[in-house]
Amino acid sequence: MKIRTGFGYDVHQLREGLPFWLGGIQVPHTHGALGHSDADVLIHVICDALLGAANLRDIGFHFPDTDPQYKGIDSKRLLAEVVRLLTERGYTISNIDSTICLEAPKVNPHIPEMQRVLAEVMQIPTEDISIKATTTEKLGFVGRREGVAAYASVLIVQG
């Protein structure tokens, strides 16, 4: 049995009037994340962590922002493809631990729904997906509400 860990980090600018997708759900807010896809920062870091754990490069390699087929794409579709790539290589997801850094809106009320949606996409139990939220105490671009950041670490098993 082979056990591997992966880590992901991503940031997106926040812009007024855009839909805010986070963890596979649309979170009500005046600002949304800017990106080539739906800019779901949480799904992006999970994808990067899973790809890294399997030594499959990163999300930009598999889904480049220069490719028009990914313009506005639902990031859940990208995550499903990443899971397919891992499954194809004999990996299963053991657990995911993630943190979202955001001043507003409050994320905690939405975490159970995010876990449910992500578990469905990845076909793993919700208890294997940890999602935490924090602020940066008004420091930096997150503190100024200019952007959102997220981190994820994963454990995958082969064999």
# chains A, B, ... in the order shown; residues from 1 in each chain; ligands from 1

call {"tool": "residues_around", "arguments": {"residues": "stretch 24-28 of chain A", "least_positions_apart": "5", "cutoff": "8 Å", "atoms": "only C-alpha atoms", "output": "PyMOL selection string"}}
result
chain A and resi 19+40+43+75-76+105+110+113-114+117-118

call {"tool": "residues_around", "arguments": {"residues": "A:Pro112", "least_positions_apart": "6", "cutoff": "10 Å", "atoms": "only C-alpha atoms", "output": "PyMOL selection string"}}
result
chain A and resi 118+126+129-131

call {"tool": "closest_residue", "arguments": {"among": "A:Glu127, A:Glu103, A:Asp10, A:Asp67", "to": "A:Arg145", "atoms": "only C-alpha atoms"}}
result
A:Glu103

call {"tool": "closest_atom_pairs", "arguments": {"of": "stretch 25-112 of chain A", "to": "stretch 136-139 of chain A", "cutoff": "12 Å", "atoms": "only C-alpha atoms", "output": "Markdown table"}}
result
| residue | atom | partner | partner_atom | distance |
| --- | --- | --- | --- | --- |
| A:Thr99 | CA | A:Thr136 | CA | 11.8 |
| A:Ile100 | CA | A:Thr136 | CA | 10.3 |
| A:Cys101 | CA | A:Thr136 | CA | 6.7 |
| A:Leu102 | CA | A:Thr136 | CA | 7.2 |
| A:Glu103 | CA | A:Thr136 | CA | 7.1 |
| A:Ala104 | CA | A:Lys138 | CA | 10.6 |

call {"tool": "closest_residue", "arguments": {"among": "A:Asn95, A:Gln115, A:Ser37, A:Thr134", "to": "A:Gln69", "atoms": "only C-alpha atoms"}}
result
A:Ser37

call {"tool": "select_by_dssp", "arguments": {"residues": "stretch 3-72 of chain A", "states": "strand (DSSP E or B)", "output": "list in words"}}
result
Ile3, Arg4, Thr5, Gly6, Phe7, Gly8, Tyr9, Asp10, Val11, His12, Gln13, Leu14, Arg15, Glu16, Trp21, Leu22, Ile25, Gln26, His31, Gly32 and Ala33 of chain A

call {"tool": "atom_distance", "arguments": {"atom1": "atom CA of A:Arg4", "atom2": "atom CA of A:Leu78"}}
result
21.0 Å

call {"tool": "residues_around", "arguments": {"residues": "A:Phe7", "least_positions_apart": "6", "cutoff": "10 Å", "atoms": "only C-alpha atoms", "output": "count of residues only"}}
result
17

call {"tool": "select_by_dssp", "arguments": {"residues": "chain A", "states": "alpha helix (DSSP H)", "output": "number ranges by chain"}}
result
A: 41-53, 59-62, 75-88, 111-122, 140-143

call {"tool": "write_last_selection", "arguments": {"atoms": "N, CA and C atoms", "output": "short mmCIF file (atom, residue, chain, number, x, y, z; two decimals), in the first residue's frame"}}
result
data_model
loop_
_atom_site.label_atom_id
_atom_site.label_comp_id
_atom_site.auth_asym_id
_atom_site.auth_seq_id
_atom_site.Cartn_x
_atom_site.Cartn_y
_atom_site.Cartn_z
N VAL A 41 -12.53 28.76 -5.39
CA VAL A 41 -11.19 28.64 -4.82
C VAL A 41 -11.03 27.36 -3.98
N LEU A 42 -12.08 26.94 -3.30
CA LEU A 42 -11.97 25.74 -2.47
C LEU A 42 -11.81 24.49 -3.34
N ILE A 43 -12.61 24.37 -4.37
CA ILE A 43 -12.47 23.22 -5.26
C ILE A 43 -11.11 23.25 -5.94
N HIS A 44 -10.64 24.42 -6.31
CA HIS A 44 -9.34 24.51 -6.99
C HIS A 44 -8.20 24.01 -6.10
N VAL A 45 -8.22 24.36 -4.81
CA VAL A 45 -7.13 23.88 -3.95
C VAL A 45 -7.23 22.39 -3.69
N ILE A 46 -8.44 21.88 -3.62
CA ILE A 46 -8.61 20.44 -3.45
C ILE A 46 -8.09 19.71 -4.70
N CYS A 47 -8.43 20.22 -5.88
CA CYS A 47 -7.90 19.64 -7.12
C CYS A 47 -6.38 19.65 -7.11
N ASP A 48 -5.79 20.78 -6.79
CA ASP A 48 -4.33 20.89 -6.78
C ASP A 48 -3.70 19.93 -5.77
N ALA A 49 -4.28 19.83 -4.59
CA ALA A 49 -3.74 18.93 -3.58
C ALA A 49 -3.83 17.47 -4.03
N LEU A 50 -4.95 17.08 -4.62
CA LEU A 50 -5.11 15.71 -5.10
C LEU A 50 -4.15 15.41 -6.25
N LEU A 51 -4.06 16.33 -7.19
CA LEU A 51 -3.15 16.14 -8.32
C LEU A 51 -1.70 16.06 -7.84
N GLY A 52 -1.34 16.93 -6.92
CA GLY A 52 0.02 16.92 -6.39
C GLY A 52 0.34 15.62 -5.66
N ALA A 53 -0.61 15.13 -4.89
CA ALA A 53 -0.39 13.88 -4.16
C ALA A 53 -0.11 12.73 -5.10
N ILE A 59 -3.71 21.94 -11.43
CA ILE A 59 -4.97 22.23 -12.10
C ILE A 59 -4.75 23.03 -13.39
N GLY A 60 -3.78 23.95 -13.38
CA GLY A 60 -3.49 24.74 -14.58
C GLY A 60 -2.94 23.90 -15.72
N PHE A 61 -2.25 22.83 -15.40
CA PHE A 61 -1.73 21.92 -16.42
C PHE A 61 -2.87 21.17 -17.09
N HIS A 62 -3.80 20.67 -16.30
CA HIS A 62 -4.90 19.86 -16.83
C HIS A 62 -6.04 20.70 -17.43
N SER A 75 -16.61 24.23 -11.53
CA SER A 75 -15.43 23.58 -10.98
C SER A 75 -15.70 22.17 -10.46
N LYS A 76 -16.96 21.84 -10.18
CA LYS A 76 -17.29 20.47 -9.78
C LYS A 76 -16.96 19.50 -10.91
N ARG A 77 -17.08 19.95 -12.15
CA ARG A 77 -16.71 19.10 -13.30
C ARG A 77 -15.20 18.86 -13.33
N LEU A 78 -14.43 19.88 -12.97
CA LEU A 78 -12.97 19.72 -12.91
C LEU A 78 -12.60 18.74 -11.80
N LEU A 79 -13.24 18.87 -10.64
CA LEU A 79 -12.98 17.97 -9.52
C LEU A 79 -13.33 16.53 -9.88
N ALA A 80 -14.44 16.33 -10.55
CA ALA A 80 -14.83 14.98 -10.97
C ALA A 80 -13.78 14.38 -11.90
N GLU A 81 -13.23 15.19 -12.79
CA GLU A 81 -12.18 14.71 -13.69
C GLU A 81 -10.91 14.37 -12.92
N VAL A 82 -10.55 15.18 -11.94
CA VAL A 82 -9.37 14.89 -11.11
C VAL A 82 -9.57 13.56 -10.38
N VAL A 83 -10.74 13.35 -9.82
CA VAL A 83 -11.02 12.09 -9.12
C VAL A 83 -10.93 10.92 -10.10
N ARG A 84 -11.41 11.10 -11.32
CA ARG A 84 -11.31 10.06 -12.34
C ARG A 84 -9.84 9.72 -12.62
N LEU A 85 -9.01 10.76 -12.74
CA LEU A 85 -7.58 10.54 -13.00
C LEU A 85 -6.93 9.75 -11.86
N LEU A 86 -7.30 10.07 -10.63
CA LEU A 86 -6.74 9.34 -9.49
C LEU A 86 -7.23 7.89 -9.47
N THR A 87 -8.51 7.70 -9.69
CA THR A 87 -9.10 6.36 -9.69
C THR A 87 -8.45 5.49 -10.77
N GLU A 88 -8.22 6.10 -11.93
CA GLU A 88 -7.58 5.41 -13.04
C GLU A 88 -6.19 4.88 -12.65
N ILE A 111 -20.86 25.39 5.49
CA ILE A 111 -19.92 24.25 5.46
C ILE A 111 -20.62 22.90 5.31
N PRO A 112 -21.68 22.60 6.05
CA PRO A 112 -22.32 21.29 5.86
C PRO A 112 -22.78 21.04 4.42
N GLU A 113 -23.33 22.05 3.78
CA GLU A 113 -23.78 21.88 2.39
C GLU A 113 -22.58 21.70 1.45
N MET A 114 -21.50 22.45 1.69
CA MET A 114 -20.29 22.27 0.89
C MET A 114 -19.77 20.84 1.03
N GLN A 115 -19.72 20.34 2.27
CA GLN A 115 -19.25 18.97 2.49
C GLN A 115 -20.12 17.96 1.75
N ARG A 116 -21.42 18.16 1.79
CA ARG A 116 -22.35 17.25 1.12
C ARG A 116 -22.11 17.24 -0.39
N VAL A 117 -22.00 18.43 -0.98
CA VAL A 117 -21.80 18.54 -2.42
C VAL A 117 -20.45 17.95 -2.84
N LEU A 118 -19.39 18.29 -2.11
CA LEU A 118 -18.06 17.78 -2.44
C LEU A 118 -17.99 16.27 -2.26
N ALA A 119 -18.61 15.75 -1.22
CA ALA A 119 -18.62 14.30 -1.00
C ALA A 119 -19.31 13.58 -2.15
N GLU A 120 -20.39 14.17 -2.63
CA GLU A 120 -21.11 13.58 -3.76
C GLU A 120 -20.24 13.54 -5.01
N VAL A 121 -19.55 14.64 -5.29
CA VAL A 121 -18.70 14.71 -6.48
C VAL A 121 -17.54 13.71 -6.37
N MET A 122 -16.92 13.63 -5.19
CA MET A 122 -15.75 12.77 -5.03
C MET A 122 -16.10 11.35 -4.62
N GLY A 140 -3.71 42.26 4.99
CA GLY A 140 -3.46 41.81 3.62
C GLY A 140 -4.65 41.94 2.70
N PHE A 141 -4.53 41.34 1.49
CA PHE A 141 -5.59 41.46 0.49
C PHE A 141 -6.88 40.79 0.96
N VAL A 142 -6.78 39.72 1.74
CA VAL A 142 -7.99 39.09 2.27
C VAL A 142 -8.63 40.03 3.28
N GLY A 143 -7.83 40.59 4.16
CA GLY A 143 -8.34 41.51 5.18
C GLY A 143 -8.99 42.75 4.60
#
